[in-house]
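Shown next: input-v4.cif, given as mmCIF, C-alpha atoms.
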```
data_structure
loop_
_atom_site.label_atom_id
_atom_site.label_comp_id
_atom_site.auth_asym_id
_atom_site.auth_seq_id
_atom_site.Cartn_x
_atom_site.Cartn_y
_atom_site.Cartn_z
CA ALA H 200 39.20 137.68 84.82
CA GLY H 201 36.12 139.64 85.88
CA SER H 202 37.92 143.02 85.95
CA ARG H 203 36.31 146.05 84.28
CA LEU H 204 38.52 148.03 81.94
CA GLU H 205 38.10 151.03 79.73
CA ARG H 206 37.64 150.44 76.10
CA GLY H 207 41.02 150.31 74.29
CA THR H 208 43.00 149.29 77.36
CA GLU H 209 45.73 146.85 76.53
CA VAL H 210 45.33 143.45 78.16
CA ALA H 211 48.26 141.07 78.65
CA ILE H 212 47.51 137.38 78.41
CA VAL H 213 49.65 134.42 79.31
CA VAL H 214 49.25 131.35 77.14
CA SER H 215 49.92 128.02 78.80
CA LEU H 216 52.50 125.80 77.20
CA GLY H 217 50.85 122.85 78.90
CA ILE H 218 52.44 120.65 81.50
CA GLU H 219 56.23 120.88 81.58
CA MET H 220 57.60 117.65 80.17
CA LEU H 221 60.98 116.32 81.27
CA THR H 222 63.11 113.49 79.92
CA VAL H 223 64.16 110.79 82.39
CA PRO H 224 67.98 110.66 82.43
CA SER H 225 69.97 107.43 82.40
CA LEU H 226 70.14 106.22 85.99
CA ALA H 227 71.33 102.62 85.64
CA ASP H 228 74.61 101.79 87.41
CA LEU H 229 74.42 104.91 89.59
CA THR H 230 74.05 104.81 93.35
CA GLU H 231 70.62 105.73 94.66
CA GLU H 232 71.99 109.10 95.88
CA GLU H 233 73.61 109.82 92.48
CA ALA H 234 70.30 108.97 90.77
CA ARG H 235 68.44 111.40 93.04
CA THR H 236 70.95 114.12 92.12
CA GLN H 237 70.60 113.37 88.38
CA LEU H 238 66.80 113.58 88.62
CA SER H 239 66.98 116.83 90.58
CA ASP H 240 69.41 118.29 88.02
CA ALA H 241 66.99 117.23 85.23
CA GLY H 242 64.21 119.26 86.89
CA PHE H 243 62.26 116.53 88.68
CA THR H 244 61.01 117.11 92.20
CA VAL H 245 62.83 114.40 94.06
CA GLU H 246 60.16 112.46 95.87
CA LEU H 247 61.25 109.05 94.74
CA GLU H 248 59.98 105.65 95.55
CA SER H 249 62.61 102.93 95.69
CA VAL H 250 62.05 99.23 95.25
CA VAL H 251 64.87 97.05 96.59
CA VAL H 252 65.57 93.84 94.66
CA ALA H 253 68.26 91.19 95.27
CA ASP H 254 70.64 90.86 92.32
CA ARG H 255 73.85 88.88 92.58
CA ASN H 256 75.48 90.70 89.64
CA ILE H 257 74.81 94.30 90.69
CA PRO H 258 76.40 95.77 93.84
CA GLU H 259 74.23 96.79 96.77
CA GLY H 260 72.79 100.31 96.49
CA THR H 261 73.16 100.50 92.70
CA VAL H 262 70.20 101.48 90.51
CA ILE H 263 69.05 98.64 88.25
CA SER H 264 66.29 100.52 86.41
CA SER H 265 63.72 103.28 86.68
CA ALA H 266 60.04 103.66 85.92
CA PRO H 267 59.41 105.65 83.79
CA ALA H 268 62.39 104.33 81.82
CA THR H 269 65.42 106.27 80.61
CA GLY H 270 64.63 108.58 77.70
CA GLU H 271 60.87 108.75 78.36
CA SER H 272 59.29 112.20 78.32
CA VAL H 273 57.00 112.60 81.34
CA PRO H 274 55.24 115.43 83.23
CA HIS H 275 57.56 117.24 85.65
CA SER H 276 55.40 116.09 88.56
CA GLU H 277 55.75 112.40 87.68
CA VAL H 278 57.06 110.24 90.53
CA VAL H 279 60.07 108.23 89.40
CA THR H 280 60.41 104.78 90.93
CA LEU H 281 63.93 103.38 91.18
CA THR H 282 64.68 99.68 91.36
CA VAL H 283 67.78 99.39 93.55
CA SER H 284 69.93 96.30 94.09
CA SER H 285 70.36 94.94 97.59
CA GLY H 286 73.27 92.86 96.28
CA PRO H 287 73.21 89.08 96.23
CA GLU H 288 70.51 87.30 98.19
CA GLN H 289 71.75 85.58 101.36
CA VAL H 290 71.01 81.85 101.32
CA THR H 291 71.44 79.02 103.82
CA ILE H 292 73.41 75.97 102.71
CA PRO H 293 71.09 72.94 103.15
CA GLN H 294 72.01 70.74 106.10
CA ASP H 295 70.81 67.43 104.69
CA LEU H 296 73.38 67.01 101.89
CA LEU H 297 76.08 64.92 103.58
CA ASN H 298 76.12 61.20 102.75
CA LYS H 299 74.05 61.87 99.61
CA PRO H 300 74.99 61.02 96.00
CA GLU H 301 77.38 63.48 94.34
CA THR H 302 74.99 64.47 91.51
CA GLU H 303 72.16 65.17 93.98
CA VAL H 304 74.40 67.38 96.14
CA ILE H 305 75.82 69.29 93.15
CA SER H 306 72.31 69.93 91.84
CA ALA H 307 71.05 71.16 95.24
CA LEU H 308 74.08 73.42 95.85
CA ALA H 309 73.92 74.89 92.34
CA ALA H 310 70.23 75.73 92.79
CA THR H 311 70.72 77.19 96.28
CA LEU H 312 73.77 79.29 95.39
CA ASP H 313 72.46 80.21 91.91
CA ILE H 314 75.63 78.98 90.21
CA ALA H 315 76.32 76.56 87.35
CA PRO H 316 76.83 72.95 88.45
CA GLU H 317 80.22 73.05 86.68
CA ALA H 318 81.32 75.79 89.12
CA ILE H 319 81.23 73.32 92.03
CA THR H 320 84.61 71.68 92.61
CA SER H 321 84.41 67.97 93.39
CA THR H 322 87.43 66.27 94.97
CA PRO H 323 87.68 62.48 95.47
CA VAL H 324 88.80 61.33 98.94
CA TYR H 325 89.13 57.99 100.69
CA SER H 326 86.71 57.31 103.53
CA ASP H 327 86.31 54.33 105.82
CA ASP H 328 82.95 55.68 107.03
CA VAL H 329 81.16 56.95 103.89
CA ALA H 330 80.24 54.70 100.96
CA GLN H 331 81.75 55.27 97.53
CA GLY H 332 80.01 58.00 95.48
CA LEU H 333 78.52 59.76 98.50
CA VAL H 334 79.50 63.25 99.71
CA VAL H 335 81.87 63.34 102.70
CA SER H 336 82.12 67.14 103.19
CA ILE H 337 80.83 70.43 101.78
CA SER H 338 82.33 73.89 101.80
CA PRO H 339 80.75 76.28 102.68
CA GLU H 340 79.51 74.39 105.74
CA PRO H 341 75.92 73.10 105.72
CA GLY H 342 73.69 75.43 107.74
CA SER H 343 75.89 78.48 107.12
CA VAL H 344 74.60 81.62 105.36
CA HIS H 345 76.34 82.97 102.25
CA PRO H 346 75.53 85.28 99.32
CA GLN H 347 74.30 83.71 96.11
CA GLY H 348 77.13 83.27 93.65
CA THR H 349 79.48 81.87 96.29
CA ASN H 350 81.62 79.02 94.95
CA ALA H 351 81.36 75.61 96.59
CA THR H 352 83.53 72.53 96.91
CA ILE H 353 82.61 69.00 97.88
CA GLU H 354 84.59 65.91 98.77
CA VAL H 355 83.24 62.64 97.40
CA SER H 356 84.08 59.27 98.93
CA GLN H 357 86.00 56.70 96.93
CA GLY H 358 85.35 54.24 99.73
CA PRO H 359 88.17 52.92 101.92
CA GLU H 360 91.71 53.12 100.62
CA LEU H 361 92.79 49.71 99.37
CA PHE H 362 96.30 48.37 99.66
CA GLU H 363 97.90 45.51 97.80
CA VAL H 364 98.84 42.74 100.18
CA PRO H 365 102.16 41.16 99.21
CA ASN H 366 102.46 37.39 98.99
CA VAL H 367 104.00 36.30 102.29
CA GLN H 368 103.19 32.66 101.99
CA GLY H 369 106.03 30.45 103.23
CA LYS H 370 107.98 33.33 104.88
CA GLN H 371 108.95 33.63 108.52
CA ILE H 372 106.76 35.92 110.68
CA GLY H 373 109.45 38.59 110.93
CA ALA H 374 110.05 38.61 107.17
CA ALA H 375 106.33 38.57 106.42
#
```

Could I get this structure in the form of structure tokens?
Amino acid sequence: AGSRLERGTEVAIVVSLGIEMLTVPSLADLTEEEARTQLSDAGFTVELESVVVADRNIPEGTVISSAPATGESVPHSEVVTLTVSSGPEQVTIPQDLLNKPETEVISALAATLDIAPEAITSTPVYSDDVAQGLVVSISPEPGSVHPQGTNATIEVSQGPELFEVPNVQGKQIGAA
């Protein structure tokens, strides 16, 4: 532009095709490094942002989703944000669950561990110290840290073990 030319001189012009548009490849279930490679291979400049999110069903370091989403056509300069799993969230088993009613403990453990109440194994045991229907022990131990999704077991008191006393009336001490 601005150059002076003789009349009849041929001028070459370049017509813009607009911004180069690229399609976001499928990145779900790839590792973050594999996703970066896929984006680079698709023509994106790899300056990614990653958001780490706890997810008990997706292994640590695995891509959950991307923004823009798979299949979207976006400008080549678009920054792609990956949502990457940090694996299951680590939770602390509550310490105040012993000597509590079975249903209360199951409910609290299920909520803490993010599991179905039916996944908690309950075993009846005899206890001279803990009243019937109350929890005697919990596994994993109260106060310990475990990933969500961990299975749990509890022991529930049936009260003291009872024995039938035989009729010894009228028998000698040794025989009784």

Subject >> Residues within 10 Å of H:Thr244, all atoms listed in the file, excluding chain neighbours under 2 positions, as a count of residues only >> reply: 13

**OP:** Tell me which protein, DNA and RNA residues are within 12 Å of H:Arg255, counting all atoms listed in the file, leaving out same-chain ones fewer than 4 positions away, and put them as an MDAnalysis selection string.
**Re:** chainID H and resid 259 261 263 284:290 312:314 345:349

Subject >> Contact residues around H:Ile353 with only C-alpha atoms at 10 Å, ignoring same-chain residues under 3 positions, as an MDAnalysis selection string >> reply: chainID H and resid 297 301 304:305 308 319:324 334:339 356

Could those residues be written to a file, using C-alpha atoms, as an mmCIF file, in the coordinates of the input?
```
data_model
loop_
_atom_site.group_PDB
_atom_site.id
_atom_site.type_symbol
_atom_site.label_atom_id
_atom_site.label_comp_id
_atom_site.auth_asym_id
_atom_site.auth_seq_id
_atom_site.Cartn_x
_atom_site.Cartn_y
_atom_site.Cartn_z
ATOM 1 C CA LEU H 297 76.080 64.920 103.580
ATOM 2 C CA GLU H 301 77.380 63.480 94.340
ATOM 3 C CA VAL H 304 74.400 67.380 96.140
ATOM 4 C CA ILE H 305 75.820 69.290 93.150
ATOM 5 C CA LEU H 308 74.080 73.420 95.850
ATOM 6 C CA ILE H 319 81.230 73.320 92.030
ATOM 7 C CA THR H 320 84.610 71.680 92.610
ATOM 8 C CA SER H 321 84.410 67.970 93.390
ATOM 9 C CA THR H 322 87.430 66.270 94.970
ATOM 10 C CA PRO H 323 87.680 62.480 95.470
ATOM 11 C CA VAL H 324 88.800 61.330 98.940
ATOM 12 C CA VAL H 334 79.500 63.250 99.710
ATOM 13 C CA VAL H 335 81.870 63.340 102.700
ATOM 14 C CA SER H 336 82.120 67.140 103.190
ATOM 15 C CA ILE H 337 80.830 70.430 101.780
ATOM 16 C CA SER H 338 82.330 73.890 101.800
ATOM 17 C CA PRO H 339 80.750 76.280 102.680
ATOM 18 C CA SER H 356 84.080 59.270 98.930
#
```

**OP:** Calculate how many Å separate atom CA of H:Thr352 from atom CA of H:Ile292, rounding to one decimal.
**Re:**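 Separation between atom CA of H:Thr352 and atom CA of H:Ile292: 12.2 Å.
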
**OP:** Please measure the separation of atom CA of H:Ile257 and atom CA of H:Ser225, giving the value in Å to one decimal.
**Re:**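 Going from atom CA of H:Ile257 over to atom CA of H:Ser225, I get 16.3 Å.
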
Original post:
Could you pull the residues within 8 Å of H:Glu271, counting all atoms listed in the file, minus those fewer than 3 positions along the same chain, as a list of chain:residue names?
Top reply: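 Counting only the stated atoms, we get H:Thr222, H:Val223, H:Pro267, H:Ala268.
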
**OP:** Skip H:Met220 itself and residues of its chain fewer than 4 positions away, then list as a list in words all residues within 8 Å of it, counting only C-alpha atoms.
**Re:**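 Near H:Met220, the qualifying residues are Ser272, Val273, Pro274 and His275 of chain H.
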
**OP:** Determine the residue membership of the PyMOL selection byres ((chain H and resi 230) around 8) for the file above and supply it as a ChimeraX atom specification.
**Re:** /H:228-229,231-234,260-262

**OP:** Check the smallest atom-to-atom distance from each of H:Gln371, H:Asn256, H:Ser343, H:Thr269 to H:Thr291 using all atoms listed in the file, then report the winner.
**Re:**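 With all atoms listed in the file as the atom set, the closest residue is H:Ser343.
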
**OP:** Would you mind reading off the distance between atom CA of H:Val355 and atom CA of H:Ala315, one decimal, in Å?
**Re:**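 Atom CA of H:Ala315 lies 18.5 Å from atom CA of H:Val355.
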